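A.B. asks: So that you have it, the file is input_17.tsv, and it contains TSV, C-alpha atoms:
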```tsv
chain	number	residue	atom	x	y	z
A	1	VAL	CA	138.74	63.20	135.46
A	2	LEU	CA	136.91	60.20	136.97
A	3	ASP	CA	138.55	56.94	138.04
A	4	GLY	CA	141.84	58.15	136.60
A	5	LYS	CA	140.34	58.60	133.13
A	6	TRP	CA	139.80	61.84	131.22
A	7	GLN	CA	136.13	62.65	130.79
A	8	SER	CA	136.08	66.11	129.20
A	9	CYS	CA	138.33	69.01	128.33
A	10	THR	CA	137.04	72.51	127.63
A	11	GLY	CA	139.38	72.85	124.66
A	12	ASP	CA	137.94	70.03	122.56
A	13	GLU	CA	134.70	68.88	124.23
A	14	PHE	CA	132.69	70.13	121.22
A	15	MET	CA	134.30	67.34	119.17
A	16	TYR	CA	132.55	64.88	121.49
A	17	HIS	CA	129.30	66.61	122.39
A	18	GLU	CA	128.25	67.76	118.93
A	19	PRO	CA	128.59	64.23	117.45
A	20	ILE	CA	126.73	62.57	120.31
A	21	ILE	CA	123.62	64.70	119.64
A	22	HIS	CA	123.36	66.14	116.16
A	23	PRO	CA	123.61	63.11	113.83
A	24	ALA	CA	120.76	61.38	115.68
A	25	ALA	CA	118.70	64.58	115.87
A	26	VAL	CA	119.20	65.13	112.12
A	27	ILE	CA	117.95	61.59	111.44
A	28	CYS	CA	114.80	62.27	113.47
A	29	ALA	CA	114.21	65.49	111.54
A	30	MET	CA	114.78	63.72	108.21
A	31	ARG	CA	112.00	61.31	109.20
A	32	GLY	CA	109.64	64.22	109.74
A	33	HIS	CA	109.77	63.94	113.52
A	34	ALA	CA	112.16	66.57	114.84
A	35	ALA	CA	112.83	65.52	118.44
A	36	LYS	CA	110.56	67.05	121.08
A	37	ASN	CA	111.36	64.76	124.02
A	38	ALA	CA	114.96	63.70	124.65
A	39	LEU	CA	116.43	61.58	127.44
A	40	VAL	CA	120.12	61.82	128.36
A	41	LEU	CA	121.46	59.09	130.63
A	42	GLY	CA	124.69	60.37	132.19
A	43	GLY	CA	126.11	63.60	130.78
A	44	GLY	CA	127.30	65.07	134.10
A	45	GLU	CA	128.89	68.30	132.87
A	46	GLY	CA	125.75	69.41	131.03
A	47	ALA	CA	127.33	69.83	127.60
A	48	THR	CA	125.21	67.06	126.09
A	49	ILE	CA	121.94	68.75	127.03
A	50	ARG	CA	123.48	72.06	125.91
A	51	GLU	CA	123.68	70.63	122.39
A	52	LEU	CA	120.13	69.27	122.62
A	53	LEU	CA	118.82	72.71	123.54
A	54	ARG	CA	120.08	74.13	120.25
A	55	TRP	CA	117.17	72.32	118.57
A	56	LYS	CA	114.07	74.53	118.35
A	57	SER	CA	111.86	71.43	118.48
A	58	ILE	CA	113.03	70.31	121.92
A	59	GLU	CA	110.33	70.75	124.55
A	60	ARG	CA	111.78	68.49	127.25
A	61	ALA	CA	115.42	67.49	127.79
A	62	THR	CA	115.66	65.11	130.73
A	63	MET	CA	119.10	64.28	132.11
A	64	VAL	CA	119.52	61.40	134.57
A	65	ASP	CA	122.89	61.17	136.32
A	66	ILE	CA	123.70	59.02	139.32
A	67	ASP	CA	126.44	61.29	140.74
A	68	GLY	CA	125.00	64.50	142.17
A	69	ASP	CA	128.39	65.60	143.46
A	70	VAL	CA	129.84	65.55	139.93
A	71	VAL	CA	126.85	67.40	138.50
A	72	ASN	CA	126.92	70.08	141.22
A	73	ALA	CA	130.68	70.54	140.79
A	74	CYS	CA	130.23	70.99	137.04
A	75	ILE	CA	127.38	73.46	137.53
A	76	GLU	CA	129.57	75.55	139.82
A	77	HIS	CA	133.01	75.22	138.24
A	78	LEU	CA	132.45	74.45	134.54
A	79	PRO	CA	129.99	77.06	133.23
A	80	GLU	CA	131.83	76.98	129.90
A	81	MET	CA	130.63	73.38	129.53
A	82	HIS	CA	126.92	73.67	130.32
A	83	GLN	CA	126.60	77.36	129.30
A	84	GLY	CA	123.40	77.72	131.30
A	85	ALA	CA	121.74	74.50	130.13
A	86	PHE	CA	120.74	73.54	133.66
A	87	ASP	CA	118.81	76.81	134.01
A	88	ASP	CA	116.81	76.37	130.80
A	89	PRO	CA	113.12	75.68	131.54
A	90	ARG	CA	113.16	72.76	129.10
A	91	THR	CA	115.77	70.94	131.20
A	92	ASP	CA	114.65	68.34	133.72
A	93	LEU	CA	117.60	67.24	135.88
A	94	VAL	CA	117.21	63.96	137.78
A	95	ILE	CA	119.88	62.67	140.17
A	96	GLY	CA	119.27	58.96	140.16
A	97	ASP	CA	119.99	55.54	138.72
A	98	ALA	CA	119.43	55.30	134.96
A	99	LEU	CA	118.62	51.58	135.29
A	100	GLU	CA	115.72	52.32	137.60
A	101	TYR	CA	114.60	55.44	135.76
A	102	VAL	CA	114.06	53.71	132.42
A	103	LYS	CA	112.13	50.87	134.07
A	104	THR	CA	109.59	53.24	135.68
A	105	PRO	CA	106.63	53.69	133.28
A	106	SER	CA	105.60	57.08	134.66
A	107	ASN	CA	108.95	58.56	133.59
A	108	THR	CA	108.27	57.96	129.89
A	109	PRO	CA	106.33	60.75	128.14
A	110	GLU	CA	103.22	60.08	126.10
A	111	GLY	CA	104.40	58.98	122.69
A	112	LYS	CA	107.71	57.80	124.22
A	113	TRP	CA	111.15	59.39	123.78
A	114	ASP	CA	112.12	60.73	120.35
A	115	LEU	CA	115.80	60.61	121.20
A	116	ILE	CA	117.68	58.66	123.88
A	117	VAL	CA	121.36	59.38	124.54
A	118	SER	CA	123.38	56.94	126.64
A	119	ASP	CA	126.29	59.21	127.60
A	120	LEU	CA	127.79	57.07	130.33
A	121	SER	CA	131.22	56.57	131.84
A	122	ASP	CA	133.20	53.53	130.78
A	123	PRO	CA	132.03	50.11	132.06
A	124	ILE	CA	134.39	49.42	134.94
A	125	VAL	CA	133.76	45.96	136.33
A	126	ASP	CA	132.21	46.28	139.81
A	127	GLY	CA	131.45	49.94	138.98
A	128	PRO	CA	127.99	51.46	138.57
A	129	SER	CA	127.84	51.65	134.77
A	130	PHE	CA	128.74	48.23	133.33
A	131	PRO	CA	125.08	46.99	133.40
A	132	LEU	CA	124.28	49.96	131.15
A	133	PHE	CA	126.19	48.36	128.25
A	134	THR	CA	124.23	45.10	128.14
A	135	ARG	CA	121.45	43.62	126.04
A	136	GLU	CA	119.02	43.84	128.96
A	137	TYR	CA	119.56	47.59	129.28
A	138	PHE	CA	119.28	48.21	125.55
A	139	ALA	CA	116.06	46.18	125.47
A	140	ASP	CA	114.64	48.46	128.20
A	141	LEU	CA	115.56	51.49	126.08
A	142	GLU	CA	113.93	49.98	123.00
A	143	GLN	CA	110.66	49.75	124.91
A	144	ILE	CA	110.59	53.48	125.69
A	145	LEU	CA	111.90	54.75	122.33
A	146	ALA	CA	109.37	56.14	119.85
A	147	ASP	CA	108.99	54.19	116.60
A	148	HIS	CA	110.69	56.98	114.65
A	149	GLY	CA	113.27	57.57	117.38
A	150	VAL	CA	117.02	57.08	117.56
A	151	LEU	CA	119.20	55.75	120.38
A	152	VAL	CA	122.80	56.98	120.69
A	153	VAL	CA	125.36	55.07	122.76
A	154	GLN	CA	128.78	56.35	123.75
A	155	SER	CA	130.84	53.34	122.67
A	156	GLY	CA	134.46	53.99	123.47
A	157	SER	CA	137.79	54.07	121.71
A	158	LEU	CA	138.38	52.67	118.23
A	159	SER	CA	142.06	52.00	118.81
A	160	PRO	CA	143.02	48.43	117.82
A	161	SER	CA	143.29	47.23	121.42
A	162	TYR	CA	139.79	48.44	122.36
A	163	LEU	CA	138.04	47.87	119.03
A	164	PRO	CA	136.79	44.38	120.10
A	165	LEU	CA	134.68	45.96	122.86
A	166	HIS	CA	133.16	48.44	120.42
A	167	ALA	CA	132.37	45.57	118.07
A	168	LYS	CA	130.68	43.67	120.92
A	169	LEU	CA	128.56	46.72	121.78
A	170	SER	CA	127.53	47.03	118.15
A	171	ARG	CA	126.64	43.33	117.99
A	172	THR	CA	124.68	43.63	121.23
A	173	LEU	CA	122.66	46.55	119.90
A	174	ARG	CA	121.99	44.61	116.68
A	175	ASP	CA	120.42	41.92	118.85
A	176	VAL	CA	117.80	44.50	119.91
A	177	PHE	CA	117.53	46.96	116.99
A	178	PRO	CA	117.38	46.05	113.29
A	179	HIS	CA	119.47	49.04	112.21
A	180	VAL	CA	122.77	50.07	113.81
A	181	ALA	CA	125.55	52.36	112.58
A	182	THR	CA	128.92	53.42	114.01
A	183	ILE	CA	129.97	57.06	113.85
A	184	MET	CA	133.39	58.34	114.87
A	185	SER	CA	135.03	61.59	115.88
A	186	THR	CA	138.56	62.62	116.77
A	187	VAL	CA	138.76	64.09	120.28
A	188	PRO	CA	142.41	65.02	120.98
A	189	THR	CA	142.04	64.69	124.76
A	190	TYR	CA	141.33	60.99	124.25
A	191	PRO	CA	144.14	58.69	123.06
A	192	ALA	CA	142.38	57.39	119.95
A	193	PRO	CA	139.43	58.07	117.63
A	194	TRP	CA	136.20	57.96	119.63
A	195	SER	CA	132.97	56.25	118.67
A	196	PHE	CA	129.22	56.41	119.09
A	197	ILE	CA	126.61	53.92	117.92
A	198	LEU	CA	123.25	54.90	116.44
A	199	ALA	CA	120.40	52.38	116.77
A	200	SER	CA	116.92	52.54	115.30
A	201	ARG	CA	113.96	50.48	114.14
A	202	HIS	CA	114.28	52.07	110.71
A	203	GLU	CA	117.12	52.26	108.21
A	204	ILE	CA	119.97	54.67	108.91
A	205	ASP	CA	121.23	56.31	105.73
A	206	ARG	CA	125.03	55.98	105.72
A	207	TRP	CA	125.33	58.23	102.65
A	208	PRO	CA	123.14	61.24	103.50
A	209	ASP	CA	123.12	64.33	101.29
A	210	PRO	CA	125.26	67.00	103.04
A	211	ASP	CA	123.24	69.82	101.51
A	212	ALA	CA	119.99	68.33	102.84
A	213	ILE	CA	121.54	68.11	106.31
A	214	ASP	CA	122.66	71.72	106.14
A	215	ARG	CA	119.12	72.77	105.25
A	216	ILE	CA	117.77	70.87	108.25
A	217	LEU	CA	120.30	72.54	110.53
A	218	ALA	CA	119.45	75.97	109.14
A	219	ASP	CA	115.76	75.35	109.83
A	220	HIS	CA	116.03	73.70	113.25
A	221	ILE	CA	119.12	75.01	115.06
A	222	GLN	CA	118.98	78.13	117.23
A	223	PRO	CA	121.75	79.90	119.14
A	224	PHE	CA	122.47	78.58	122.62
A	225	GLY	CA	125.28	79.55	124.95
A	226	THR	CA	128.34	81.41	123.74
A	227	ARG	CA	128.63	80.00	120.21
A	228	GLY	CA	126.87	78.03	117.53
A	229	LEU	CA	127.84	74.69	116.03
A	230	HIS	CA	131.61	74.53	115.83
A	231	MET	CA	132.47	71.32	113.96
A	232	PHE	CA	129.20	69.74	112.81
A	233	ASP	CA	127.54	70.20	109.43
A	234	GLY	CA	126.38	68.04	106.54
A	235	ARG	CA	129.84	67.13	105.25
A	236	THR	CA	130.98	66.30	108.77
A	237	MET	CA	128.04	63.94	109.32
A	238	LEU	CA	128.70	62.15	106.04
A	239	GLY	CA	132.34	61.65	107.06
A	240	MET	CA	131.44	60.43	110.56
A	241	LEU	CA	129.36	57.63	109.05
A	242	GLN	CA	132.37	56.20	107.18
A	243	PRO	CA	134.54	54.28	109.67
A	244	PRO	CA	137.61	52.64	108.10
A	245	LYS	CA	137.63	49.10	106.72
A	246	HIS	CA	139.26	47.42	109.75
A	247	VAL	CA	136.54	48.84	112.01
A	248	ARG	CA	133.76	47.70	109.69
A	249	ASP	CA	135.35	44.25	109.40
A	250	ALA	CA	135.60	43.88	113.19
A	251	ILE	CA	131.95	44.84	113.62
A	252	ASP	CA	130.78	42.46	110.89
A	253	ALA	CA	132.77	39.53	112.32
A	254	GLU	CA	131.73	39.94	115.97
A	255	GLU	CA	129.31	37.36	117.39
A	256	THR	CA	129.39	38.10	121.15
A	257	VAL	CA	126.32	39.64	122.77
A	258	LEU	CA	126.97	41.40	126.08
A	259	THR	CA	124.52	40.48	128.84
A	260	MET	CA	124.32	40.77	132.60
A	261	ALA	CA	125.67	37.22	132.72
A	262	ASN	CA	128.43	38.12	130.25
A	263	PRO	CA	129.09	41.82	130.93
A	264	PRO	CA	131.58	44.11	129.21
A	265	LYS	CA	135.04	44.49	130.63
A	266	PHE	CA	136.65	47.84	131.39
A	267	PHE	CA	137.63	49.95	128.32
A	268	GLY	CA	141.07	50.63	129.83
A	269	THR	CA	143.01	51.54	132.94
A	270	GLY	CA	142.80	55.13	134.11
A	271	VAL	CA	146.17	56.78	134.61
A	272	ALA	CA	145.50	60.53	134.87
A	273	GLY	CA	146.90	62.02	138.07
A	274	ARG	CA	149.11	59.04	138.93
A	275	ASN	CA	152.78	59.49	139.79
```
Once more with this new file: its structure as structure tokens, please.

C.D. replies:
Amino acid sequence: VLDGKWQSCTGDEFMYHEPIIHPAAVICAMRGHAAKNALVLGGGEGATIRELLRWKSIERATMVDIDGDVVNACIEHLPEMHQGAFDDPRTDLVIGDALEYVKTPSNTPEGKWDLIVSDLSDPIVDGPSFPLFTREYFADLEQILADHGVLVVQSGSLSPSYLPLHAKLSRTLRDVFPHVATIMSTVPTYPAPWSFILASRHEIDRWPDPDAIDRILADHIQPFGTRGLHMFDGRTMLGMLQPPKHVRDAIDAEETVLTMANPPKFFGTGVAGRN
């Protein structure tokens, strides 16, 4: 729990961490460029890089998190989350500011990043992460993303009260990338269906062939940690790419672009642990 808001639960975290990695990684593989270099911004408990490390193609998984205390606590107390991901030689852990990291040219590998995952805490006004949901930030990521690459953004709840912020994030990404798609997953710890946004320079197939996805997974996924993929396969990916009509309508109607001058407002008030 951070800032009174649930972040992860060992019972259902796979319903968050598999969707934030595998749809984008499948898209890269479908393009003939299975991800070798992946950048995770945030991801404190290590479960996001755990899912990355299932891909045989991954040579470097860099995780940049601003809160070393959180990361160290998760390494010590939540081994069921990271399952040894921090000890894998492919993992490069950086405790630092994602805003500064992505602006430093020497941090970007030759050929740029195949996959970038923005797995950040919600944008609390006056907190450290709200600039990381703006057009300026997404433009910085576009500059370091390979032409074939995919960006994934944790984009909050799809409940009716918070849907407008998701729609604004989608519109903001469409101001930077020509192709954007919402995917959704049900994570029972959270109070509503959760969302992620995929962004790319190239078309994102919203009706992929489940059998083709399963073949990609069979070829590219290797065991890591205590179990294999738990909820993700080809049929699951096809379903994730089909948000309901009211969500699609809200995204299509939104015109607001989030910027540093017009930043996002907090997803919701944290209440966990309060009397």

A.B. asks: Using 8 Å of padding on each side, determine the axis-aligned box around all atoms of segment 78-97 of chain A present in the file and give its centre and edge lengths in Å to one decimal, as JSON.

C.D. replies:
```
{"center_x": 122.8, "center_y": 66.6, "center_z": 134.6, "size_x": 35.3, "size_y": 38.2, "size_z": 27.1}
```

A.B. asks: Within 12 Å of Asp205 of chain A, counting all atoms listed in the file, which residues show up once you throw out same-chain ones fewer than 2 positions away? Write them as a PyMOL selection string, please.

C.D. replies: chain A and resi 23-24+26-28+30-31+179-183+198-200+202-203+207-210+213+237-238+241-242

A.B. asks: Find, counting all atoms listed in the file, the residue in A:Ser159, A:Thr108, A:Ser8, A:Thr189 that gets nearest to Pro244 of chain A.

C.D. replies: A:Ser159

A.B. asks: When distances are computed from all atoms listed in the file, which of A:Leu41, A:Leu52, A:Leu120, A:Leu151 shows the smallest separation from Gly225 of chain A?

C.D. replies: A:Leu52

A.B. asks: Would you mind listing what lies within 8 Å of Pro164 of chain A as a PyMOL selection string, with all atoms listed in the file counted and same-chain residues fewer than 3 positions away left out?

C.D. replies: chain A and resi 160-161+167-168+250+254

A.B. asks: At what distance in Å, to one decimal, does atom CA of Gly111 of chain A lie from atom CA of Glu18 of chain A?

C.D. replies: 25.7 Å

A.B. asks: Enter the distance from atom CA of Leu115 of chain A to atom CA of Gly149 of chain A, in Å, rounded to one decimal.

C.D. replies: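 Atom CA of Leu115 of chain A sits 5.5 Å away from atom CA of Gly149 of chain A.
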
A.B. asks: Which is closer to Ser195 of chain A than all the others in A:His17, A:Arg174, A:Arg235, A:Lys103, using all atoms listed in the file?

C.D. replies: A:His17

A.B. asks: Between A:Pro19, A:Gly11, A:Pro109, A:Gly68, which residue has the minimum interatomic distance to Leu229 of chain A, considering all atoms listed in the file?

C.D. replies: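 With all atoms listed in the file as the atom set, the closest residue is A:Pro19.
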
A.B. asks: One decimal, Å: what's the distance from atom CA of Glu51 of chain A over to atom CA of Leu169 of chain A, could you say?

C.D. replies: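 Atom CA of Leu169 of chain A lies 24.4 Å from atom CA of Glu51 of chain A.
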
A.B. asks: Give me the residues near Thr91 of chain A as a ChimeraX atom specification, where near means some atom within 10 Å (using only C-alpha atoms) and where sequence neighbours in that chain fewer than 4 positions away do not count.

C.D. replies: /A:38,49-50,52-53,58-63,85-87

A.B. asks: Please check which residues have atoms at most 9 Å from (124.6, 41.1, 134.7) in the file's coordinates, counting all atoms listed in the file, and write them as an mmCIF file with C-alpha atoms, keeping the file's coordinate frame.

C.D. replies:
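File written: out_5.cif
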```
data_model
loop_
_atom_site.group_PDB
_atom_site.id
_atom_site.type_symbol
_atom_site.label_atom_id
_atom_site.label_comp_id
_atom_site.auth_asym_id
_atom_site.auth_seq_id
_atom_site.Cartn_x
_atom_site.Cartn_y
_atom_site.Cartn_z
ATOM 1 C CA PHE A 130 128.740 48.230 133.330
ATOM 2 C CA PRO A 131 125.080 46.990 133.400
ATOM 3 C CA THR A 134 124.230 45.100 128.140
ATOM 4 C CA GLU A 136 119.020 43.840 128.960
ATOM 5 C CA LEU A 258 126.970 41.400 126.080
ATOM 6 C CA THR A 259 124.520 40.480 128.840
ATOM 7 C CA MET A 260 124.320 40.770 132.600
ATOM 8 C CA ALA A 261 125.670 37.220 132.720
ATOM 9 C CA ASN A 262 128.430 38.120 130.250
ATOM 10 C CA PRO A 263 129.090 41.820 130.930
#
```

A.B. asks: Please identify all polymer residues within 12 Å of Val70 of chain A, counting all atoms listed in the file, omitting same-chain residues fewer than 6 positions from it, and present them as a PDB file with C-alpha atoms, keeping the file's coordinate frame.

C.D. replies:
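So selection-v3.pdb came out as:
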```
ATOM      1  CA  VAL A   1     138.740  63.200 135.460  1.00  0.00           C
ATOM      2  CA  LEU A   2     136.910  60.200 136.970  1.00  0.00           C
ATOM      3  CA  GLN A   7     136.130  62.650 130.790  1.00  0.00           C
ATOM      4  CA  GLY A  42     124.690  60.370 132.190  1.00  0.00           C
ATOM      5  CA  GLY A  43     126.110  63.600 130.780  1.00  0.00           C
ATOM      6  CA  GLY A  44     127.300  65.070 134.100  1.00  0.00           C
ATOM      7  CA  GLU A  45     128.890  68.300 132.870  1.00  0.00           C
ATOM      8  CA  GLY A  46     125.750  69.410 131.030  1.00  0.00           C
ATOM      9  CA  GLU A  76     129.570  75.550 139.820  1.00  0.00           C
ATOM     10  CA  HIS A  77     133.010  75.220 138.240  1.00  0.00           C
ATOM     11  CA  LEU A  78     132.450  74.450 134.540  1.00  0.00           C
ATOM     12  CA  ILE A  95     119.880  62.670 140.170  1.00  0.00           C
TER      13      ILE A  95
END
```

A.B. asks: Hey, what's within 8 Å of Trp194 of chain A if we count only C-alpha atoms and toss same-chain stuff fewer than 4 positions away? As an MDAnalysis selection string, please?

C.D. replies: chainID A and resid 155:158 184:187 190

A.B. asks: Closest to Ala25 of chain A among A:Ser118, A:Ser57, A:Thr10, A:Thr226, using only C-alpha atoms?

C.D. replies: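 Closest to Ala25 of chain A of all the choices is A:Ser57.
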